file coords_23.txt (compact mmCIF, C-alpha atoms)
# COMPACT_ATOMS: atom_id res chain seq x y z
CA MET A 1 90.32 84.31 114.12
CA LYS A 2 93.33 85.32 116.13
CA LYS A 3 94.91 88.59 114.99
CA VAL A 4 97.50 89.10 117.70
CA TYR A 5 100.98 87.73 116.94
CA GLY A 6 103.99 87.36 119.19
CA SER A 7 106.57 89.20 117.10
CA ALA A 8 106.99 91.23 113.93
CA ALA A 9 108.67 88.27 112.20
CA GLU A 10 105.76 85.96 113.10
CA ALA A 11 103.23 88.53 111.94
CA LEU A 12 104.96 88.88 108.57
CA ASP A 13 105.42 85.12 108.11
CA GLY A 14 104.18 84.03 104.69
CA LEU A 15 103.41 87.58 103.57
CA LEU A 16 106.74 88.69 102.09
CA ARG A 17 108.11 87.97 98.63
CA ASP A 18 110.62 89.64 96.33
CA ASP A 19 109.33 92.33 93.96
CA MET A 20 106.17 93.11 95.94
CA LEU A 21 104.34 96.41 96.59
CA ILE A 22 104.16 97.49 100.23
CA ALA A 23 102.32 100.56 101.57
CA ALA A 24 103.84 102.02 104.72
CA GLY A 25 102.38 104.53 107.19
CA GLY A 26 104.24 107.41 108.80
CA PHE A 27 105.26 110.99 108.10
CA GLY A 28 108.98 111.60 108.43
CA LEU A 29 109.87 109.47 111.45
CA CYS A 30 106.51 110.14 113.14
CA GLY A 31 104.20 107.13 113.38
CA ILE A 32 106.37 104.78 111.35
CA PRO A 33 106.16 100.98 111.76
CA GLU A 34 109.67 100.62 113.22
CA LEU A 35 109.36 97.00 114.30
CA LEU A 36 107.92 95.74 111.02
CA ILE A 37 110.61 97.57 109.06
CA ASP A 38 113.27 95.85 111.19
CA ALA A 39 111.65 92.48 110.54
CA ILE A 40 111.59 93.13 106.77
CA VAL A 41 115.30 93.95 106.95
CA GLU A 42 115.88 90.62 108.74
CA SER A 43 113.79 88.71 106.19
CA GLY A 44 116.15 89.69 103.36
CA VAL A 45 113.26 90.09 100.89
CA LYS A 46 114.33 92.37 98.01
CA ASP A 47 113.31 94.42 94.96
CA LEU A 48 110.53 96.01 97.00
CA THR A 49 108.35 98.84 95.78
CA ILE A 50 107.28 100.93 98.75
CA ALA A 51 104.55 103.55 98.79
CA SER A 52 105.38 105.86 101.69
CA ASN A 53 105.37 109.62 102.01
CA ASN A 54 109.08 109.63 102.96
CA CYS A 55 111.91 107.13 103.09
CA GLY A 56 113.16 107.57 106.65
CA VAL A 57 116.60 108.97 107.39
CA ASP A 58 120.03 107.39 107.07
CA GLY A 59 120.04 104.29 109.24
CA PHE A 60 116.51 104.64 110.65
CA GLY A 61 113.00 103.85 109.48
CA LEU A 62 112.79 102.89 105.82
CA GLY A 63 116.38 104.16 105.52
CA LYS A 64 117.40 100.76 106.96
CA LEU A 65 115.93 99.03 103.90
CA LEU A 66 117.97 101.35 101.68
CA ASP A 67 121.18 100.45 103.48
CA THR A 68 120.52 96.79 102.73
CA LYS A 69 119.49 97.62 99.12
CA GLN A 70 116.14 95.87 99.51
CA ILE A 71 114.15 98.69 97.88
CA LYS A 72 113.81 98.86 94.10
CA LYS A 73 111.37 101.74 93.86
CA MET A 74 109.85 104.41 96.12
CA MET A 75 106.50 106.16 95.62
CA SER A 76 106.86 109.28 97.78
CA SER A 77 106.26 113.02 98.01
CA TYR A 78 109.44 114.09 99.79
CA VAL A 79 112.77 112.31 100.22
CA GLY A 80 115.06 115.12 101.28
CA GLU A 81 116.44 113.78 104.55
CA ASN A 82 118.46 110.84 103.34
CA ALA A 83 121.97 110.84 101.82
CA GLU A 84 121.97 107.13 100.96
CA PHE A 85 118.66 107.61 99.15
CA MET A 86 120.20 110.33 96.97
CA ARG A 87 123.29 108.25 96.29
CA GLN A 88 121.27 105.25 95.12
CA TYR A 89 118.86 107.42 93.16
CA LEU A 90 121.57 109.40 91.35
CA SER A 91 123.48 106.20 90.52
CA GLY A 92 120.34 104.67 89.01
CA GLU A 93 120.04 101.85 91.56
CA LEU A 94 116.77 103.19 92.93
CA GLU A 95 113.62 104.23 91.06
CA LEU A 96 111.57 107.12 92.36
CA GLU A 97 108.00 108.05 91.53
CA PHE A 98 107.14 111.45 92.96
CA ASN A 99 103.54 111.90 94.04
CA PRO A 100 102.10 115.11 95.45
CA GLN A 101 101.46 114.37 99.12
CA GLY A 102 97.68 114.66 98.97
CA THR A 103 97.56 112.64 95.77
CA LEU A 104 99.58 109.88 97.44
CA ALA A 105 97.26 109.84 100.46
CA GLU A 106 94.17 109.82 98.26
CA ARG A 107 95.61 107.09 96.00
CA MET A 108 95.95 104.92 99.10
CA ARG A 109 92.52 105.81 100.45
CA ALA A 110 90.94 105.22 97.04
CA GLY A 111 92.67 101.85 96.64
CA GLY A 112 91.39 100.83 100.06
CA CYS A 113 87.86 101.86 99.09
CA GLY A 114 87.83 99.97 95.79
CA ILE A 115 88.21 103.11 93.69
CA PRO A 116 90.69 102.47 90.84
CA GLY A 117 91.06 106.11 89.81
CA PHE A 118 90.01 109.65 90.58
CA TYR A 119 90.43 113.09 89.03
CA THR A 120 92.27 115.87 90.81
CA LYS A 121 93.37 119.40 90.06
CA THR A 122 96.66 118.80 91.89
CA GLY A 123 99.56 118.85 89.43
CA VAL A 124 97.62 120.01 86.36
CA GLY A 125 100.08 121.65 83.95
CA THR A 126 103.14 120.31 85.82
CA GLN A 127 105.55 117.39 85.28
CA ILE A 128 103.22 115.28 87.42
CA ALA A 129 100.55 115.48 84.73
CA GLU A 130 102.78 114.06 81.98
CA GLY A 131 101.22 110.96 80.44
CA LYS A 132 98.06 111.24 82.52
CA GLU A 133 94.53 111.63 81.18
CA VAL A 134 93.13 115.16 81.43
CA LYS A 135 89.39 115.63 81.75
CA GLN A 136 87.33 118.76 82.11
CA PHE A 137 84.70 119.19 84.80
CA GLY A 138 82.86 122.51 84.93
CA GLY A 139 85.29 123.97 82.42
CA GLU A 140 88.40 123.16 84.50
CA ASP A 141 91.12 120.60 83.86
CA TYR A 142 91.67 117.65 86.17
CA ILE A 143 94.12 114.75 85.85
CA LEU A 144 93.46 111.07 86.41
CA GLU A 145 95.32 109.46 89.30
CA GLU A 146 95.12 105.76 90.08
CA GLY A 147 94.28 104.08 93.36
CA ILE A 148 97.08 102.12 95.01
CA PHE A 149 96.36 98.45 95.67
CA ALA A 150 99.22 97.14 97.80
CA GLU A 151 99.87 93.49 98.59
CA LEU A 152 100.86 94.39 102.11
CA SER A 153 100.40 97.35 104.45
CA ILE A 154 102.69 98.02 107.38
CA VAL A 155 101.39 100.60 109.83
CA LYS A 156 101.70 101.85 113.38
CA ALA A 157 98.88 102.79 115.78
CA TRP A 158 98.85 103.75 119.45
CA LYS A 159 96.35 101.23 120.85
CA ALA A 160 94.40 98.40 119.30
CA ASP A 161 91.98 95.90 120.73
CA THR A 162 92.46 92.24 119.84
CA SER A 163 89.96 92.57 116.98
CA GLY A 164 92.05 95.29 115.34
CA ASN A 165 89.94 98.35 116.18
CA CYS A 166 92.50 101.00 116.83
CA VAL A 167 93.30 104.56 117.79
CA PHE A 168 96.23 106.70 116.79
CA ARG A 169 97.91 109.42 118.80
CA LYS A 170 98.22 113.06 117.70
CA THR A 171 100.03 113.60 114.37
CA ALA A 172 101.34 110.02 114.38
CA ARG A 173 98.09 109.13 112.60
CA ASN A 174 99.12 110.77 109.29
CA PHE A 175 99.40 108.20 106.47
CA ASN A 176 98.65 105.18 108.67
CA PRO A 177 94.89 104.87 108.07
CA PRO A 178 95.05 105.26 104.25
CA ALA A 179 98.12 103.00 104.07
CA ALA A 180 96.36 100.38 106.20
CA MET A 181 93.26 100.48 104.01
CA CYS A 182 95.00 99.97 100.66
CA GLY A 183 96.72 96.66 101.48
CA LYS A 184 95.33 93.22 100.76
CA ILE A 185 96.78 92.31 104.15
CA CYS A 186 97.52 94.90 106.84
CA VAL A 187 99.98 94.25 109.65
CA MET A 188 99.85 96.79 112.47
CA GLU A 189 102.24 97.44 115.32
CA VAL A 190 100.97 99.17 118.43
CA GLU A 191 102.16 100.36 121.83
CA GLU A 192 99.33 98.70 123.70
CA ILE A 193 96.85 95.89 123.01
CA VAL A 194 93.60 95.93 124.97
CA GLU A 195 90.53 93.67 125.17
CA PRO A 196 87.47 94.41 123.02
CA GLY A 197 85.28 96.89 124.83
CA GLU A 198 88.14 98.80 126.38
CA LEU A 199 88.23 101.29 123.51
CA ASP A 200 85.10 103.41 123.19
CA PRO A 201 83.41 102.22 119.95
CA ASP A 202 82.62 105.86 119.17
CA HIS A 203 86.31 106.77 119.33
CA ILE A 204 87.77 104.15 116.98
CA HIS A 205 89.88 105.83 114.26
CA LEU A 206 90.23 102.75 112.05
CA PRO A 207 87.89 99.76 112.36
CA GLY A 208 89.43 96.32 112.75
CA ILE A 209 88.12 95.16 109.37
CA PHE A 210 91.17 96.86 107.84
CA VAL A 211 93.64 95.22 110.25
CA HIS A 212 94.62 91.56 109.88
CA ARG A 213 97.61 91.03 112.14
CA ILE A 214 98.70 92.97 115.23
CA ILE A 215 101.88 93.06 117.25
CA LYS A 216 102.88 95.04 120.30
CA GLY A 217 106.36 96.35 120.99
CA GLU A 218 108.67 99.03 122.24
CA HIS A 219 109.22 101.99 119.92
CA GLU A 220 112.25 104.23 119.78
CA LYS A 221 110.17 107.12 118.31
CA ARG A 222 113.13 109.13 117.19
CA ILE A 223 112.50 112.88 116.70
CA GLU A 224 113.73 114.30 113.40
CA LYS A 225 113.90 118.01 114.34
CA VAL A 226 113.69 118.98 117.99
CA THR A 227 112.42 122.56 118.13
CA THR A 228 111.64 124.30 121.41
CA ARG A 229 110.96 127.76 122.83
CA SER A 230 112.57 129.12 125.97
CA ARG A 231 110.48 129.60 129.09
CA GLU A 232 111.56 133.25 129.23
CA ASP A 233 109.44 133.94 126.14
CA ALA A 234 106.29 132.84 127.94
CA MET B 235 115.08 150.38 102.57
CA PRO B 236 113.19 147.30 101.35
CA TRP B 237 111.33 145.19 103.94
CA ASP B 238 113.25 142.61 105.94
CA ARG B 239 112.00 139.08 106.61
CA ASN B 240 109.98 140.09 109.64
CA GLN B 241 108.41 143.07 107.89
CA MET B 242 107.41 140.84 104.99
CA ALA B 243 105.88 138.36 107.43
CA ALA B 244 104.04 141.18 109.23
CA ARG B 245 102.68 142.45 105.91
CA ALA B 246 101.56 138.94 104.98
CA ALA B 247 99.74 138.64 108.33
CA GLU B 248 97.58 141.60 107.26
CA GLU B 249 96.16 139.34 104.55
CA LEU B 250 94.58 137.09 107.16
CA GLU B 251 91.11 137.71 108.49
CA ASP B 252 89.53 136.68 111.75
CA GLY B 253 88.25 133.10 111.61
CA MET B 254 90.41 131.93 108.72
CA TYR B 255 91.90 128.46 108.43
CA VAL B 256 95.39 128.92 106.99
CA ASN B 257 98.38 126.83 105.93
CA LEU B 258 101.83 128.39 106.32
CA GLY B 259 104.84 127.10 104.39
CA ILE B 260 108.37 126.90 105.76
CA GLY B 261 110.77 129.87 105.94
CA ILE B 262 109.37 133.42 106.07
CA PRO B 263 105.74 132.15 105.93
CA THR B 264 106.27 130.43 109.30
CA LEU B 265 107.04 133.85 110.82
CA VAL B 266 103.59 135.11 109.79
CA ALA B 267 102.12 133.37 112.86
CA ASN B 268 103.99 135.86 115.07
CA TYR B 269 102.08 138.81 113.61
CA VAL B 270 98.41 137.79 113.59
CA GLY B 271 97.69 139.81 116.72
CA ASP B 272 94.16 139.44 118.10
CA LYS B 273 92.76 137.75 115.00
CA GLU B 274 91.63 134.19 115.55
CA ILE B 275 93.55 132.25 112.92
CA THR B 276 93.59 128.45 112.88
CA LEU B 277 96.78 127.00 111.44
CA GLN B 278 96.63 123.76 109.50
CA SER B 279 99.59 121.44 109.33
CA GLU B 280 99.10 119.13 106.38
CA ASN B 281 100.46 116.07 108.17
CA GLY B 282 97.12 116.00 109.98
CA MET B 283 96.34 118.80 112.39
CA LEU B 284 94.20 121.91 112.73
CA GLY B 285 95.01 124.33 115.53
CA MET B 286 98.80 124.16 115.58
CA GLY B 287 100.36 125.60 118.73
CA PRO B 288 103.84 127.03 119.35
CA PHE B 289 107.05 125.03 119.83
CA PRO B 290 107.14 123.10 123.11
CA TYR B 291 109.28 124.04 126.09
CA GLU B 292 112.53 122.15 126.30
CA GLY B 293 111.92 118.71 127.76
CA GLU B 294 108.26 118.68 126.69
CA GLU B 295 108.80 117.56 123.09
CA ASP B 296 106.42 114.80 121.98
CA PRO B 297 107.63 112.56 119.11
CA ASP B 298 103.98 112.00 118.14
CA LEU B 299 103.39 115.73 117.67
CA ILE B 300 105.19 117.39 114.77
CA ASN B 301 104.35 119.84 112.01
CA ALA B 302 104.76 119.36 108.26
CA GLY B 303 108.36 120.60 108.57
CA LYS B 304 108.98 117.66 110.98
CA GLN B 305 109.50 120.12 113.88
CA THR B 306 108.15 119.38 117.35
CA ILE B 307 105.12 121.55 118.16
CA THR B 308 102.24 121.70 120.66
CA GLU B 309 98.48 121.48 120.54
CA LEU B 310 95.83 124.04 121.54
CA PRO B 311 92.42 123.53 123.20
CA LYS B 312 90.79 123.74 119.74
CA THR B 313 93.19 121.28 118.07
CA ALA B 314 91.85 118.45 115.91
CA TYR B 315 93.90 115.58 114.49
CA PHE B 316 93.09 113.57 111.35
CA ASP B 317 94.79 111.40 108.77
CA SER B 318 96.62 112.55 105.63
CA ALA B 319 93.75 111.70 103.29
CA MET B 320 91.32 113.87 105.25
CA SER B 321 93.97 116.57 105.62
CA PHE B 322 94.31 116.87 101.87
CA GLY B 323 90.57 116.44 101.51
CA MET B 324 90.13 119.77 103.28
CA ILE B 325 92.92 121.28 101.17
CA ARG B 326 91.71 119.92 97.84
CA GLY B 327 88.12 120.67 98.83
CA GLY B 328 88.81 124.37 99.18
CA LYS B 329 88.15 124.50 102.93
CA ILE B 330 91.50 126.13 103.72
CA ALA B 331 91.06 129.86 103.10
CA ALA B 332 94.68 130.65 102.26
CA ALA B 333 98.17 129.29 101.94
CA ILE B 334 101.22 131.48 102.42
CA LEU B 335 104.21 129.96 100.66
CA GLY B 336 107.74 130.72 99.59
CA ALA B 337 108.73 130.52 95.92
CA MET B 338 111.71 130.37 93.58
CA GLU B 339 109.82 131.97 90.66
CA VAL B 340 106.39 133.45 90.00
CA ALA B 341 105.18 134.31 86.50
CA GLU B 342 102.92 137.19 85.53
CA ASN B 343 100.09 134.72 84.80
CA GLY B 344 100.26 133.29 88.33
CA ASP B 345 102.38 130.23 87.53
CA LEU B 346 104.43 129.15 90.52
CA ALA B 347 107.73 127.26 90.70
CA ASN B 348 108.96 126.26 94.15
CA TRP B 349 109.82 122.56 94.21
CA MET B 350 112.76 121.68 92.01
CA ILE B 351 115.82 122.97 90.20
CA PRO B 352 116.86 120.64 87.36
CA GLY B 353 120.37 119.28 87.84
CA LYS B 354 120.26 119.87 91.57
CA LEU B 355 119.15 117.40 94.21
CA VAL B 356 115.41 116.93 94.00
CA LYS B 357 113.74 116.44 97.35
CA GLY B 358 110.13 116.38 96.21
CA MET B 359 107.08 118.59 96.16
CA GLY B 360 105.61 117.38 99.45
CA GLY B 361 102.17 118.97 99.76
CA ALA B 362 102.90 122.12 97.76
CA MET B 363 101.15 121.04 94.54
CA ASP B 364 98.02 120.01 96.44
CA LEU B 365 97.98 123.26 98.42
CA VAL B 366 98.30 125.63 95.48
CA ALA B 367 95.67 123.71 93.52
CA GLY B 368 93.20 123.54 96.37
CA VAL B 369 93.22 126.44 98.80
CA GLY B 370 91.09 129.55 98.40
CA ARG B 371 93.92 132.04 98.03
CA VAL B 372 97.65 131.56 97.38
CA ILE B 373 99.92 134.26 98.76
CA VAL B 374 103.61 134.05 97.91
CA VAL B 375 106.16 135.66 100.22
CA MET B 376 109.67 135.82 98.78
CA ASP B 377 112.59 138.11 97.99
CA HIS B 378 111.99 140.17 94.86
CA THR B 379 115.31 139.09 93.31
CA ASN B 380 117.58 136.07 93.61
CA LYS B 381 121.10 136.12 94.97
CA HIS B 382 122.42 137.20 91.55
CA GLY B 383 120.07 140.19 91.60
CA ASP B 384 117.78 138.74 88.91
CA SER B 385 114.02 139.18 89.14
CA LYS B 386 112.04 136.27 90.58
CA LEU B 387 108.87 137.79 89.11
CA LEU B 388 109.06 136.64 85.51
CA LYS B 389 107.18 136.76 82.22
CA ALA B 390 107.28 132.95 82.29
CA CYS B 391 108.75 130.53 84.82
CA THR B 392 111.94 128.75 83.77
CA LEU B 393 111.82 126.09 86.50
CA PRO B 394 109.42 123.12 86.64
CA LEU B 395 106.02 124.31 87.83
CA THR B 396 104.26 123.61 91.10
CA GLY B 397 100.99 124.92 89.69
CA THR B 398 99.66 126.96 86.77
CA GLY B 399 97.87 130.26 87.28
CA VAL B 400 97.58 129.63 91.01
CA VAL B 401 99.16 132.68 92.66
CA ASP B 402 96.85 135.51 93.77
CA ARG B 403 99.18 137.90 95.58
CA ILE B 404 102.96 138.30 95.93
CA ILE B 405 104.60 139.98 98.91
CA THR B 406 108.30 140.73 98.39
CA ASN B 407 110.87 142.89 100.11
CA PHE B 408 109.96 145.60 97.54
CA GLY B 409 106.20 145.59 98.03
CA VAL B 410 102.92 143.86 97.25
CA LEU B 411 101.71 142.85 93.78
CA ASP B 412 98.56 141.12 92.57
CA VAL B 413 98.26 138.77 89.61
CA VAL B 414 95.67 140.35 87.31
CA GLU B 415 94.62 140.14 83.68
CA GLY B 416 97.69 140.92 81.56
CA GLY B 417 100.34 140.89 84.29
CA LEU B 418 101.10 142.07 87.80
CA LYS B 419 99.57 145.11 89.45
CA ILE B 420 101.39 147.06 92.16
CA VAL B 421 99.26 147.15 95.30
CA GLU B 422 101.73 148.68 97.70
CA LEU B 423 105.37 149.74 97.88
CA ALA B 424 107.62 148.91 100.82
CA GLU B 425 108.56 152.02 102.79
CA GLY B 426 111.52 153.65 101.08
CA VAL B 427 111.13 151.76 97.79
CA THR B 428 110.09 153.78 94.74
CA GLU B 429 107.88 152.51 91.95
CA ASP B 430 110.79 152.96 89.55
CA GLU B 431 113.00 150.77 91.73
CA LEU B 432 110.35 148.06 91.89
CA ARG B 433 109.77 148.20 88.12
CA ALA B 434 113.51 148.03 87.46
CA ALA B 435 113.80 144.90 89.61
CA THR B 436 110.84 143.18 87.92
CA GLU B 437 110.95 141.24 84.66
CA ALA B 438 107.21 140.47 84.65
CA THR B 439 104.84 142.85 82.91
CA ILE B 440 103.44 145.43 85.29
CA VAL B 441 99.99 146.70 84.40
CA ASN B 442 98.27 149.79 85.74

call {"tool": "encode", "arguments": {"input": "coords_23.txt", "output": "structure tokens"}}
result
Amino acid sequence: MKKVYGSAAEALDGLLRDDMLIAAGGFGLCGIPELLIDAIVESGVKDLTIASNNCGVDGFGLGKLLDTKQIKKMMSSYVGENAEFMRQYLSGELELEFNPQGTLAERMRAGGCGIPGFYTKTGVGTQIAEGKEVKQFGGEDYILEEGIFAELSIVKAWKADTSGNCVFRKTARNFNPPAAMCGKICVMEVEEIVEPGELDPDHIHLPGIFVHRIIKGEHEKRIEKVTTRSREDA
Amino acid sequence: MPWDRNQMAARAAEELEDGMYVNLGIGIPTLVANYVGDKEITLQSENGMLGMGPFPYEGEEDPDLINAGKQTITELPKTAYFDSAMSFGMIRGGKIAAAILGAMEVAENGDLANWMIPGKLVKGMGGAMDLVAGVGRVIVVMDHTNKHGDSKLLKACTLPLTGTGVVDRIITNFGVLDVVEGGLKIVELAEGVTEDELRAATEATIVN
């Protein structure tokens, strides 16, 4: 079965519908599926629920889907870098479900592994625990968190072979593997597509079984906070 | 004279032991890395990295290499990268020896509030709730009082909690306090700060 598609729009063809749940990889603007986000903007699909650690910045990344009001609800751990997000949230146009970052990652991983729920100490005794089952293990309280089962995953890797085996680069890996795993269908964008055998099988970060459609493209890779040291300090 | 930011960071660095894996929060905790001296400390960045290096030289920034504060950083020979689920696996699993974090309020029972102020813009807890619930030791570094001069060490937190009973040690500009049975215990006074001054600036119960 052919996994490589010619464009983001082709790769998403038949997969988008209003009111669906999409899991997206990336941390801040690092390792985000820029091309697939652009294609979702173009598609005009709306009322989306998106599970993603952040929601981009104004005018870039998932922020583009806010500008077009295509997002109904975000499941995130941190949304501080986006004025349009705050405007829509405070006016009640946008729903927000805060998840502790590790809980969000584990909810994705669990969903991808067929685990509908797990207990964690994270958030016990806080607002996050409200309405959640509490269970004791070894005399300590844990809360029940549910796995995320997304209809679609949109992720970004560095290189993939045509069968979907892929490798990520540095901290651009972040949420991409768990986000990829939790979708019924995973569409991945990469910087380079190679033939099977060109990636060392021992060095694959995410096996192709989790990846259904692949596209290659140019990425802007915008940096959110450029921080440097001067050479004089060396 | 109470400690300044750098003196607080230097004092916090004394908490770290050779060989520790540590997570540093943003603000004063970030400065702790400047004071570890010869100790081999491995810094974790919860977006998926162990062995965080310093900021890059200008022109050498890599968009694929950032820390949890979204700042460009560098790698070290011992660096390892991993995904967010594994990153929080090592946090939740107790593999990270210590986290050094800032705080808005700490209560005498170790409750910590550092993620939201009701009525103000809420940005989210990020990884703070996972860190305080999972790491071996939670060390808070913060000013003793807020900008109105009110104690940030309280009998009970007034803000929404990040974790309950999670704080082990508090390093402020006035000194060092431990969370113990019944309240906070003074471990050390900043140079030039008297015990009376520290007590007067503290709402939480101080036990001997």

call {"tool": "closest_atom_pairs", "arguments": {"input": "coords_23.txt", "of": "chain B", "to": "chain A", "cutoff": "6 Å", "atoms": "only C-alpha atoms", "output": "JSON lines"}}
result
{"residue": "B:Asn281", "atom": "CA", "partner": "A:Asn174", "partner_atom": "CA", "distance": 5.6}
{"residue": "B:Gly282", "atom": "CA", "partner": "A:Asn174", "partner_atom": "CA", "distance": 5.6}
{"residue": "B:Phe289", "atom": "CA", "partner": "A:Thr228", "partner_atom": "CA", "distance": 4.9}
{"residue": "B:Pro290", "atom": "CA", "partner": "A:Thr228", "partner_atom": "CA", "distance": 5.0}
{"residue": "B:Tyr291", "atom": "CA", "partner": "A:Arg229", "partner_atom": "CA", "distance": 5.2}
{"residue": "B:Glu292", "atom": "CA", "partner": "A:Thr228", "partner_atom": "CA", "distance": 5.4}
{"residue": "B:Pro297", "atom": "CA", "partner": "A:Ile223", "partner_atom": "CA", "distance": 5.4}
{"residue": "B:Asp298", "atom": "CA", "partner": "A:Ala172", "partner_atom": "CA", "distance": 5.0}
{"residue": "B:Leu299", "atom": "CA", "partner": "A:Thr171", "partner_atom": "CA", "distance": 5.2}
{"residue": "B:Lys304", "atom": "CA", "partner": "A:Lys225", "partner_atom": "CA", "distance": 6.0}
{"residue": "B:Gln305", "atom": "CA", "partner": "A:Lys225", "partner_atom": "CA", "distance": 4.9}
{"residue": "B:Thr306", "atom": "CA", "partner": "A:Thr227", "partner_atom": "CA", "distance": 5.4}
{"residue": "B:Tyr315", "atom": "CA", "partner": "A:Lys170", "partner_atom": "CA", "distance": 5.9}
{"residue": "B:Asp317", "atom": "CA", "partner": "A:Asn174", "partner_atom": "CA", "distance": 4.4}
{"residue": "B:Ser318", "atom": "CA", "partner": "A:Asn174", "partner_atom": "CA", "distance": 4.8}
{"residue": "B:Ala319", "atom": "CA", "partner": "A:Ala105", "partner_atom": "CA", "distance": 4.9}
{"residue": "B:Phe322", "atom": "CA", "partner": "A:Gly102", "partner_atom": "CA", "distance": 5.0}
{"residue": "B:Lys357", "atom": "CA", "partner": "A:Gly80", "partner_atom": "CA", "distance": 4.4}
{"residue": "B:Gly358", "atom": "CA", "partner": "A:Tyr78", "partner_atom": "CA", "distance": 4.3}
{"residue": "B:Met359", "atom": "CA", "partner": "A:Ser77", "partner_atom": "CA", "distance": 5.9}
{"residue": "B:Gly360", "atom": "CA", "partner": "A:Ser77", "partner_atom": "CA", "distance": 4.6}
{"residue": "B:Gly361", "atom": "CA", "partner": "A:Gln101", "partner_atom": "CA", "distance": 4.7}
{"residue": "B:Met363", "atom": "CA", "partner": "A:Thr122", "partner_atom": "CA", "distance": 5.7}
{"residue": "B:Asp364", "atom": "CA", "partner": "A:Thr122", "partner_atom": "CA", "distance": 4.9}
{"residue": "B:Ala367", "atom": "CA", "partner": "A:Thr122", "partner_atom": "CA", "distance": 5.3}
{"residue": "B:Leu395", "atom": "CA", "partner": "A:Thr126", "partner_atom": "CA", "distance": 5.3}

call {"tool": "residues_around", "arguments": {"input": "coords_23.txt", "residues": "B:Ala424", "least_positions_apart": "4", "cutoff": "10 Å", "atoms": "all atoms listed in the file", "output": "list in words"}}
result
Met235, Pro236, Trp237, Asp238, Gln241, Met242, Arg245, Ile405, Thr406, Asn407, Phe408, Gly409, Val410, Thr428, Glu429 and Leu432 of chain B

call {"tool": "residues_around", "arguments": {"input": "coords_23.txt", "residues": "B:Arg371", "least_positions_apart": "3", "cutoff": "9 Å", "atoms": "all atoms listed in the file", "output": "list in words"}}
result
Ile330, Ala331, Ala332, Ala333, Ile334, Val366, Gly368, Val400, Val401, Asp402 and Arg403 of chain B

call {"tool": "closest_residue", "arguments": {"input": "coords_23.txt", "among": "A:Ile143, A:Val134, A:Ile209, A:Val187", "to": "A:Ser7", "atoms": "all atoms listed in the file"}}
result
A:Val187

call {"tool": "closest_residue", "arguments": {"input": "coords_23.txt", "among": "A:Ala23, A:Tyr119, A:Leu144, A:Pro33", "to": "A:Gly131", "atoms": "all atoms listed in the file"}}
result
A:Leu144

call {"tool": "residues_around", "arguments": {"input": "coords_23.txt", "residues": "stretch 335-341 of chain B", "least_positions_apart": "3", "cutoff": "8 Å", "atoms": "all atoms listed in the file", "output": "PyMOL selection string"}}
result
chain B and resi 258-263+344-348+372-376+386-393+401+438

call {"tool": "residues_around", "arguments": {"input": "coords_23.txt", "residues": "B:Tyr269", "least_positions_apart": "4", "cutoff": "8 Å", "atoms": "all atoms listed in the file", "output": "PyMOL selection string"}}
result
chain B and resi 243-244+247+265

call {"tool": "residues_near_point", "arguments": {"input": "coords_23.txt", "point": "(108.2, 106.0, 95.0)", "cutoff": "7 Å", "atoms": "only C-alpha atoms", "output": "list in words"}}
result
Ile50, Ala51, Lys73, Met74, Met75, Ser76, Glu95, Leu96, Glu97 and Phe98 of chain A

call {"tool": "residues_around", "arguments": {"input": "coords_23.txt", "residues": "A:Leu199", "least_positions_apart": "4", "cutoff": "9 Å", "atoms": "only C-alpha atoms", "output": "MDAnalysis selection string"}}
result
chainID A and resid 159:161 165:167 194:195 203:204

call {"tool": "residues_near_point", "arguments": {"input": "coords_23.txt", "point": "(100.1, 95.5, 110.2)", "cutoff": "9 Å", "atoms": "only C-alpha atoms", "output": "list in words"}}
result
Ala8, Ala11, Leu12, Pro33, Leu36, Leu152, Ser153, Ile154, Val155, Lys156, Ala180, Ile185, Cys186, Val187, Met188, Glu189, Val211, His212, Arg213, Ile214 and Ile215 of chain A

call {"tool": "atom_distance", "arguments": {"input": "coords_23.txt", "atom1": "atom CA of B:His382", "atom2": "atom CA of B:Pro352"}}
result
18.0 Å

call {"tool": "atom_distance", "arguments": {"input": "coords_23.txt", "atom1": "atom CA of B:Thr396", "atom2": "atom CA of B:Met350"}}
result
8.8 Å

call {"tool": "closest_residue", "arguments": {"input": "coords_23.txt", "among": "A:Ala129, A:Glu140, A:Pro196, A:Thr49", "to": "A:Leu94", "atoms": "only C-alpha atoms"}}
result
A:Thr49

call {"tool": "atom_distance", "arguments": {"input": "coords_23.txt", "atom1": "atom CA of B:Thr313", "atom2": "atom CA of B:Thr276"}}
result
8.9 Å
